[in-house]
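Coordinates as given in protein07.txt (compact mmCIF, C-alpha atoms and all ligand atoms):
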```txt
# COMPACT_ATOMS: atom_id res chain seq x y z
CA MET K 1 32.31 -23.17 -40.23
CA SER K 2 33.74 -24.51 -36.99
CA PRO K 3 32.32 -23.13 -33.72
CA ASP K 4 35.47 -21.15 -32.86
CA GLN K 5 34.91 -18.97 -35.91
CA TYR K 6 31.77 -17.41 -34.43
CA ASN K 7 31.78 -14.33 -32.22
CA SER K 8 29.06 -14.96 -29.72
CA ILE K 9 27.77 -18.39 -28.77
CA VAL K 10 24.82 -19.38 -26.62
CA VAL K 11 24.51 -23.02 -25.62
CA LEU K 12 21.27 -24.26 -24.08
CA THR K 13 21.38 -27.57 -22.25
CA GLY K 14 18.68 -29.82 -20.81
CA ALA K 15 18.43 -33.09 -18.94
CA GLY K 16 19.65 -35.11 -21.96
CA ILE K 17 23.21 -33.84 -21.54
CA SER K 18 23.39 -35.37 -18.06
CA ALA K 19 21.71 -38.67 -19.00
CA GLU K 20 25.01 -40.39 -19.81
CA SER K 21 26.29 -39.33 -16.39
CA GLY K 22 23.51 -41.39 -14.82
CA LEU K 23 20.90 -38.72 -14.06
CA LYS K 24 17.38 -39.35 -15.30
CA THR K 25 15.71 -37.06 -17.79
CA PHE K 26 12.17 -35.87 -17.01
CA ARG K 27 10.05 -37.19 -19.84
CA GLY K 28 9.80 -40.49 -21.62
CA LYS K 29 10.36 -44.00 -20.39
CA ASP K 30 11.95 -44.15 -16.91
CA GLY K 31 11.90 -40.34 -16.74
CA LEU K 32 11.52 -38.51 -13.43
CA TRP K 33 7.96 -37.53 -14.34
CA GLU K 34 6.94 -41.07 -15.30
CA GLY K 35 4.20 -42.15 -12.91
CA GLU K 36 4.35 -38.73 -11.25
CA ARG K 37 2.28 -35.64 -11.79
CA PRO K 38 4.81 -32.77 -12.05
CA GLU K 39 2.16 -30.43 -10.61
CA GLU K 40 2.26 -32.51 -7.40
CA ILE K 41 6.00 -31.90 -7.01
CA ALA K 42 7.32 -29.00 -9.04
CA THR K 43 4.86 -26.23 -8.24
CA PRO K 44 4.48 -23.71 -5.40
CA GLN K 45 1.01 -25.20 -4.77
CA ALA K 46 2.49 -28.68 -4.27
CA TYR K 47 4.99 -27.22 -1.81
CA ALA K 48 2.22 -25.45 0.10
CA GLN K 49 0.05 -28.58 0.24
CA ASN K 50 2.63 -31.30 0.80
CA PRO K 51 6.06 -29.81 1.57
CA GLU K 52 7.43 -33.12 2.91
CA LYS K 53 6.86 -34.82 -0.45
CA VAL K 54 8.44 -31.95 -2.39
CA LEU K 55 11.46 -31.75 -0.06
CA ARG K 56 11.90 -35.54 -0.23
CA PHE K 57 11.99 -35.44 -4.04
CA TYR K 58 14.73 -32.81 -4.11
CA ASN K 59 16.63 -34.33 -1.15
CA GLU K 60 16.81 -37.63 -3.04
CA ARG K 61 18.04 -35.93 -6.18
CA ARG K 62 20.65 -33.90 -4.25
CA ARG K 63 21.89 -37.02 -2.48
CA LEU K 64 22.20 -38.91 -5.77
CA LEU K 65 24.12 -36.03 -7.34
CA LEU K 66 26.52 -35.63 -4.41
CA GLU K 67 26.90 -39.20 -3.19
CA GLY K 68 25.93 -41.36 -6.16
CA GLY K 69 29.24 -41.27 -8.02
CA ILE K 70 27.75 -38.98 -10.70
CA LYS K 71 30.45 -37.37 -12.83
CA PRO K 72 30.51 -35.05 -15.86
CA ASN K 73 30.52 -36.94 -19.16
CA PRO K 74 32.42 -36.09 -22.39
CA ALA K 75 29.70 -33.61 -23.43
CA HIS K 76 30.14 -31.49 -20.28
CA VAL K 77 33.91 -31.75 -20.60
CA ALA K 78 33.91 -30.72 -24.26
CA LEU K 79 31.84 -27.59 -23.55
CA ALA K 80 34.19 -26.58 -20.73
CA GLU K 81 37.28 -27.18 -22.81
CA PHE K 82 35.87 -25.25 -25.74
CA GLU K 83 34.94 -22.29 -23.50
CA LYS K 84 38.44 -22.22 -22.00
CA ASN K 85 40.07 -21.74 -25.40
CA PHE K 86 37.40 -19.62 -27.07
CA THR K 87 38.17 -15.92 -27.44
CA GLY K 88 34.61 -14.80 -28.22
CA ASN K 89 31.54 -14.49 -26.04
CA PHE K 90 30.33 -17.81 -24.63
CA THR K 91 27.23 -18.29 -22.49
CA LEU K 92 26.03 -21.64 -21.23
CA VAL K 93 22.36 -21.52 -20.28
CA THR K 94 21.23 -24.66 -18.55
CA GLN K 95 17.81 -25.87 -17.49
CA ASN K 96 19.58 -28.48 -15.38
CA VAL K 97 19.72 -28.16 -11.62
CA ASP K 98 22.73 -30.47 -11.30
CA ASN K 99 26.28 -29.07 -11.02
CA LEU K 100 27.94 -31.17 -13.72
CA HIS K 101 28.80 -28.17 -15.92
CA GLU K 102 30.62 -26.60 -12.94
CA GLN K 103 32.35 -29.88 -12.15
CA ALA K 104 33.56 -30.09 -15.75
CA GLY K 105 35.02 -26.57 -15.50
CA SER K 106 32.49 -24.42 -17.39
CA LYS K 107 32.58 -20.81 -16.19
CA ASN K 108 29.90 -18.64 -17.70
CA ILE K 109 26.84 -20.63 -16.64
CA VAL K 110 23.29 -19.41 -16.18
CA HIS K 111 21.14 -21.82 -14.16
CA MET K 112 17.74 -20.67 -15.40
CA HIS K 113 15.84 -23.34 -13.40
CA GLY K 114 17.93 -23.05 -10.24
CA GLU K 115 20.40 -25.35 -8.51
CA LEU K 116 19.99 -28.48 -6.41
CA THR K 117 22.93 -27.46 -4.24
CA LYS K 118 21.28 -24.22 -3.10
CA VAL K 119 18.36 -23.38 -0.86
CA ARG K 120 16.43 -20.17 -0.40
CA CYS K 121 14.75 -18.67 2.66
CA THR K 122 11.10 -18.03 1.82
CA GLU K 123 10.98 -15.19 4.35
CA LYS K 124 14.21 -13.33 3.67
CA GLY K 125 14.76 -14.39 0.07
CA ASP K 126 18.48 -15.08 0.64
CA VAL K 127 20.17 -18.02 -1.07
CA TYR K 128 22.64 -20.48 0.49
CA GLU K 129 24.75 -23.39 -0.63
CA CYS K 130 23.24 -26.58 0.75
CA LEU K 131 24.80 -30.02 0.43
CA GLU K 132 22.47 -31.76 2.89
CA ASP K 133 18.84 -32.78 3.13
CA ILE K 134 16.44 -30.02 4.09
CA THR K 135 13.42 -30.70 6.25
CA LEU K 136 10.64 -28.67 7.79
CA ASP K 137 12.85 -28.43 10.90
CA SER K 138 15.94 -27.08 9.12
CA PRO K 139 17.08 -23.82 10.69
CA HIS K 140 18.07 -20.78 8.66
CA PRO K 141 21.92 -20.93 8.36
CA ASN K 142 22.39 -17.40 9.75
CA HIS K 143 19.33 -17.11 11.97
CA PRO K 144 18.95 -20.35 13.96
CA GLU K 145 15.75 -19.01 15.55
CA ILE K 146 14.05 -19.11 12.12
CA VAL K 147 13.02 -22.69 11.32
CA GLY K 148 11.24 -24.30 8.38
CA THR K 149 11.58 -21.47 5.89
CA LEU K 150 14.11 -23.06 3.54
CA ARG K 151 12.97 -24.30 0.14
CA PRO K 152 14.94 -25.74 -2.78
CA HIS K 153 16.39 -22.96 -4.96
CA ILE K 154 14.57 -24.44 -7.94
CA VAL K 155 12.23 -22.76 -10.40
CA TRP K 156 8.88 -24.54 -10.29
CA PHE K 157 6.16 -24.50 -12.92
CA GLY K 158 4.35 -21.18 -12.73
CA GLU K 159 7.47 -19.35 -11.48
CA VAL K 160 9.69 -17.09 -13.54
CA PRO K 161 13.06 -18.58 -14.57
CA PHE K 162 16.17 -16.86 -13.24
CA ASP K 163 18.23 -14.33 -15.20
CA LEU K 164 15.89 -14.15 -18.18
CA ASP K 165 17.07 -10.58 -18.86
CA ILE K 166 20.69 -11.74 -19.21
CA ILE K 167 19.64 -14.71 -21.35
CA LEU K 168 17.52 -12.65 -23.73
CA GLU K 169 20.32 -10.12 -24.13
CA LYS K 170 22.80 -12.87 -25.05
CA LEU K 171 20.32 -14.50 -27.43
CA ALA K 172 19.66 -11.19 -29.17
CA THR K 173 23.32 -10.83 -30.16
CA CYS K 174 24.55 -14.39 -30.68
CA ASP K 175 25.62 -15.75 -34.05
CA LEU K 176 25.66 -19.42 -33.02
CA PHE K 177 22.95 -21.05 -30.90
CA ILE K 178 23.15 -24.71 -29.90
CA SER K 179 20.48 -26.61 -28.05
CA ILE K 180 21.60 -29.88 -26.45
CA GLY K 181 19.55 -32.64 -24.82
CA THR K 182 16.28 -30.82 -24.27
CA SER K 183 12.83 -31.89 -25.40
CA GLY K 184 11.72 -28.43 -26.57
CA LEU K 185 8.51 -28.76 -24.60
CA VAL K 186 9.07 -26.36 -21.72
CA TYR K 187 8.92 -22.61 -22.31
CA PRO K 188 10.55 -20.15 -22.28
CA ALA K 189 13.63 -22.29 -23.09
CA ALA K 190 11.85 -24.04 -25.98
CA GLY K 191 11.36 -20.64 -27.64
CA PHE K 192 14.98 -19.44 -27.37
CA VAL K 193 15.70 -20.73 -30.89
CA GLN K 194 13.20 -18.13 -32.15
CA ALA K 195 14.67 -15.31 -30.05
CA VAL K 196 18.04 -15.23 -31.85
CA PRO K 197 18.81 -13.01 -34.87
CA GLU K 198 17.69 -14.34 -38.26
CA THR K 199 21.31 -14.68 -39.35
CA CYS K 200 22.28 -16.77 -36.31
CA TYR K 201 23.20 -20.39 -37.08
CA LYS K 202 21.01 -22.70 -35.02
CA VAL K 203 22.02 -26.24 -34.15
CA GLN K 204 20.25 -28.94 -32.19
CA ILE K 205 21.90 -32.04 -30.73
CA ASN K 206 19.34 -34.46 -29.33
CA LEU K 207 18.34 -38.11 -29.29
CA ASP K 208 14.69 -37.69 -30.22
CA TYR K 209 12.38 -35.51 -32.27
CA THR K 210 11.49 -32.16 -30.71
CA PRO K 211 8.53 -29.96 -31.67
CA ASN K 212 10.76 -26.90 -32.20
CA LEU K 213 13.05 -28.80 -34.58
CA PRO K 214 11.89 -26.95 -37.74
CA HIS K 215 13.49 -23.75 -36.41
CA PHE K 216 17.02 -25.21 -36.47
CA ASP K 217 19.44 -25.00 -39.41
CA LEU K 218 21.27 -28.18 -38.44
CA VAL K 219 19.85 -31.12 -36.48
CA ILE K 220 22.30 -33.68 -35.16
CA ASP K 221 20.67 -36.89 -33.95
CA GLY K 222 22.58 -38.79 -31.34
CA LYS K 223 23.97 -38.95 -27.87
CA ALA K 224 25.40 -35.77 -26.42
CA GLY K 225 28.45 -37.65 -25.10
CA GLU K 226 29.44 -38.44 -28.69
CA LYS K 227 28.08 -35.55 -30.70
CA VAL K 228 29.07 -32.61 -28.50
CA PRO K 229 32.83 -33.42 -28.49
CA GLN K 230 32.62 -34.01 -32.25
CA PHE K 231 30.86 -30.71 -32.87
CA PHE K 232 32.90 -28.51 -30.56
CA LEU K 233 36.33 -30.13 -30.64
CA ASN K 234 36.12 -32.18 -33.81
CA ARG K 235 37.05 -35.11 -31.63
CA LEU K 236 35.81 -38.52 -30.70
CA PRO K 237 34.38 -38.51 -27.15
CA HIS K 238 36.95 -40.82 -25.55
CA GLU K 239 39.69 -38.39 -26.61
CA SER K 240 38.24 -35.51 -24.61
CA ILE K 241 38.72 -36.84 -21.08
P1 LIG M 301 13.27 -33.70 -20.93
O1 LIG M 301 13.26 -34.93 -20.10
O2 LIG M 301 11.97 -33.08 -21.25
O3 LIG M 301 14.00 -33.98 -22.32
C1 LIG M 301 15.27 -34.56 -22.39
C2 LIG M 301 15.65 -34.67 -23.86
O4 LIG M 301 16.98 -35.19 -23.90
C3 LIG M 301 14.77 -35.61 -24.67
O5 LIG M 301 14.35 -34.97 -25.87
C4 LIG M 301 15.68 -36.80 -25.00
O6 LIG M 301 15.47 -37.32 -26.29
C5 LIG M 301 17.05 -36.17 -24.92
N1 LIG M 301 18.13 -37.10 -24.52
C6 LIG M 301 18.08 -38.12 -23.65
N2 LIG M 301 19.29 -38.69 -23.52
C7 LIG M 301 20.13 -38.02 -24.34
C8 LIG M 301 21.52 -38.13 -24.65
N3 LIG M 301 22.30 -39.06 -24.11
N4 LIG M 301 22.03 -37.25 -25.57
C9 LIG M 301 21.25 -36.31 -26.14
N5 LIG M 301 19.94 -36.16 -25.87
C10 LIG M 301 19.38 -36.99 -24.99
O7 LIG M 301 14.25 -32.66 -20.21
P2 LIG M 301 14.35 -31.09 -20.41
O8 LIG M 301 14.08 -30.70 -21.81
O9 LIG M 301 15.63 -30.66 -19.80
O10 LIG M 301 11.85 -28.15 -15.31
O11 LIG M 301 13.16 -30.58 -19.50
C11 LIG M 301 12.93 -29.21 -19.38
C12 LIG M 301 12.37 -28.90 -18.01
O12 LIG M 301 11.21 -29.70 -17.76
C13 LIG M 301 13.29 -29.24 -16.87
O13 LIG M 301 14.24 -28.25 -16.60
C14 LIG M 301 12.35 -29.43 -15.72
C15 LIG M 301 11.30 -30.25 -16.43
O14 LIG M 301 10.04 -30.28 -15.89
C16 LIG M 301 11.47 -27.96 -14.03
O15 LIG M 301 11.56 -28.81 -13.17
C17 LIG M 301 10.94 -26.58 -13.78
```

Mind converting the file's structure to structure tokens?
Ligand code: OAD
Amino acid sequence: MSPDQYNSIVVLTGAGISAESGLKTFRGKDGLWEGERPEEIATPQAYAQNPEKVLRFYNERRRLLLEGGIKPNPAHVALAEFEKNFTGNFTLVTQNVDNLHEQAGSKNIVHMHGELTKVRCTEKGDVYECLEDITLDSPHPNHPEIVGTLRPHIVWFGEVPFDLDIILEKLATCDLFISIGTSGLVYPAAGFVQAVPETCYKVQINLDYTPNLPHFDLVIDGKAGEKVPQFFLNRLPHESI
């Protein structure tokens, strides 16, 4: 059955979908966590102990995303194009903090791990778009007298992902679930494949083996930039841009 014959689709994406755009994945050779201890960067404790290091990490990633010539690849484009023409319910849940799905034109996106282009005030809890570096001297955008309270609007290990209630509701009623470019190692996202109805058709598109692979009905090995346009649009990737 082709994807447009389903009623309610949930797509889960991870760092692998942005790899062909030039953004590093987390794990494996040359990954962002290679030679780093994630707990020294992506935790509230790391931020409390060494905020400069944590801010530097996210500033570098924001700068690369905004100034490094990073563009959506055929996988992002195919998802956006499919969503535009699909008449059913379509939810794109991403663990990625980049904005490549938005740039490609996707609409119904849930950023469960936050967004690189947003910051949050740790005192007031309000969230702002931010396209620049943040430092310990950065003033609050609306309250210049408050300084040094902005943190990346990113979910760190030990924190609760955003919009889990919306995600679980969509998972509970979907009839097609597709996981793309994620290692299946980080929960709760790794368990989403088990949160869908028994009758839901479950597809994985990924380069490497994942531990949650036995839960999928169809496993497509390969690069997202090739396989996603084929799966969603029945097209070769170069035809989708
Ligand atoms: P990972 O780096 O753990 O996994 C990326 C997956 O993408 C791997 O399984 C690769 O085989 C696959 N991959 C790489 N290139 C690909 C390509 N061109 N096409 C298809 N697949 C490809 O990244 P995530 O699973 O997204 O969380 O990581 C999950 C979370 O762990 C992240 O959101 C982040 C991280 O720590 C936080 O920072 C809280």

Report task. Point out the residue among K:Glu123, K:Glu129, K:Glu83, K:Asp30 with the least atom-to-atom distance to Lys107 of chain K, counting all atoms listed in the file. Result -> K:Glu83

Requested in this report: To one decimal in Å, tell me the separation between atom CA of Ala172 of chain K and atom CA of Gly184 of chain K.
Outcome: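 Distance reported for this atom pair: 19.2 Å.
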
Query raised in the report: Quick one: residues within 8 Å of ligand LIG 301 (chain M), with all atoms listed in the file, as a PyMOL selection string?
Result: chain K and resi 13-20+24-28+31-33+38+42+95-97+113+154-157+180-186+189+205-210+221-225

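For the atom pair formed by atom CA of Ile167 of chain K and atom CA of Ile220 of chain K, the distance is 23.6 Å, given to one decimal.
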
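Between atom CA of Val110 of chain K and atom CA of Thr122 of chain K lies a distance of 21.8 Å.
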
Once you count only C-alpha atoms, what closest atom pair and distance in Å to one decimal does each residue of segment 73-189 of chain K within 8 Å of segment 63-68 of chain K have, with rows by chain and rising residue number, as a tab-separated table?
```
residue	atom	partner	partner_atom	distance
K:Asp98	CA	K:Leu65	CA	7.0
K:Leu131	CA	K:Leu66	CA	7.6
K:Glu132	CA	K:Arg63	CA	7.5
K:Asp133	CA	K:Arg63	CA	7.7
```

Query raised in the report: Nearest to Thr173 of chain K among K:Val160, K:Leu92, K:Val54, K:Val196, with distances taken over only C-alpha atoms: which residue is it?
Result: K:Val196

Requested in this report: Can you pull out every residue within 12 Å of segment 174-178 of chain K, counting all atoms listed in the file, but drop anything in the same chain fewer than 3 positions away, and send it as a ChimeraX atom specification?
Outcome: /K:1-14,79,88-94,167-171,181-182,189-190,192-206,213,215-220,224,227-228,231-232

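Proximity ranking of K:Asn99, K:Arg56, K:Tyr187, K:Arg120 relative to His140 of chain K places K:Arg120 first, based on all atoms listed in the file.
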
Report task. Go through K:Pro44, K:Gly69, K:Pro141, K:Gly105 and flag the residue nearest Glu81 of chain K, using all atoms listed in the file for the distances. Result ->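 Under the stated criterion, the closest residue is K:Gly105.
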
Report task. Could you check which of K:Thr117, K:Gln45, K:Thr135, K:Gln103 is closest to Pro74 of chain K, using all atoms listed in the file? Result ->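 So, comparing all the options, the nearest one is K:Gln103.
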
Requested in this report: Determine the nearest neighbour of Pro188 of chain K from the options K:Arg151, K:Ser21, K:Val127, K:Met112, counting all atoms listed in the file.
Outcome: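 Checking each candidate against Pro188 of chain K, we get K:Met112 as the closest.
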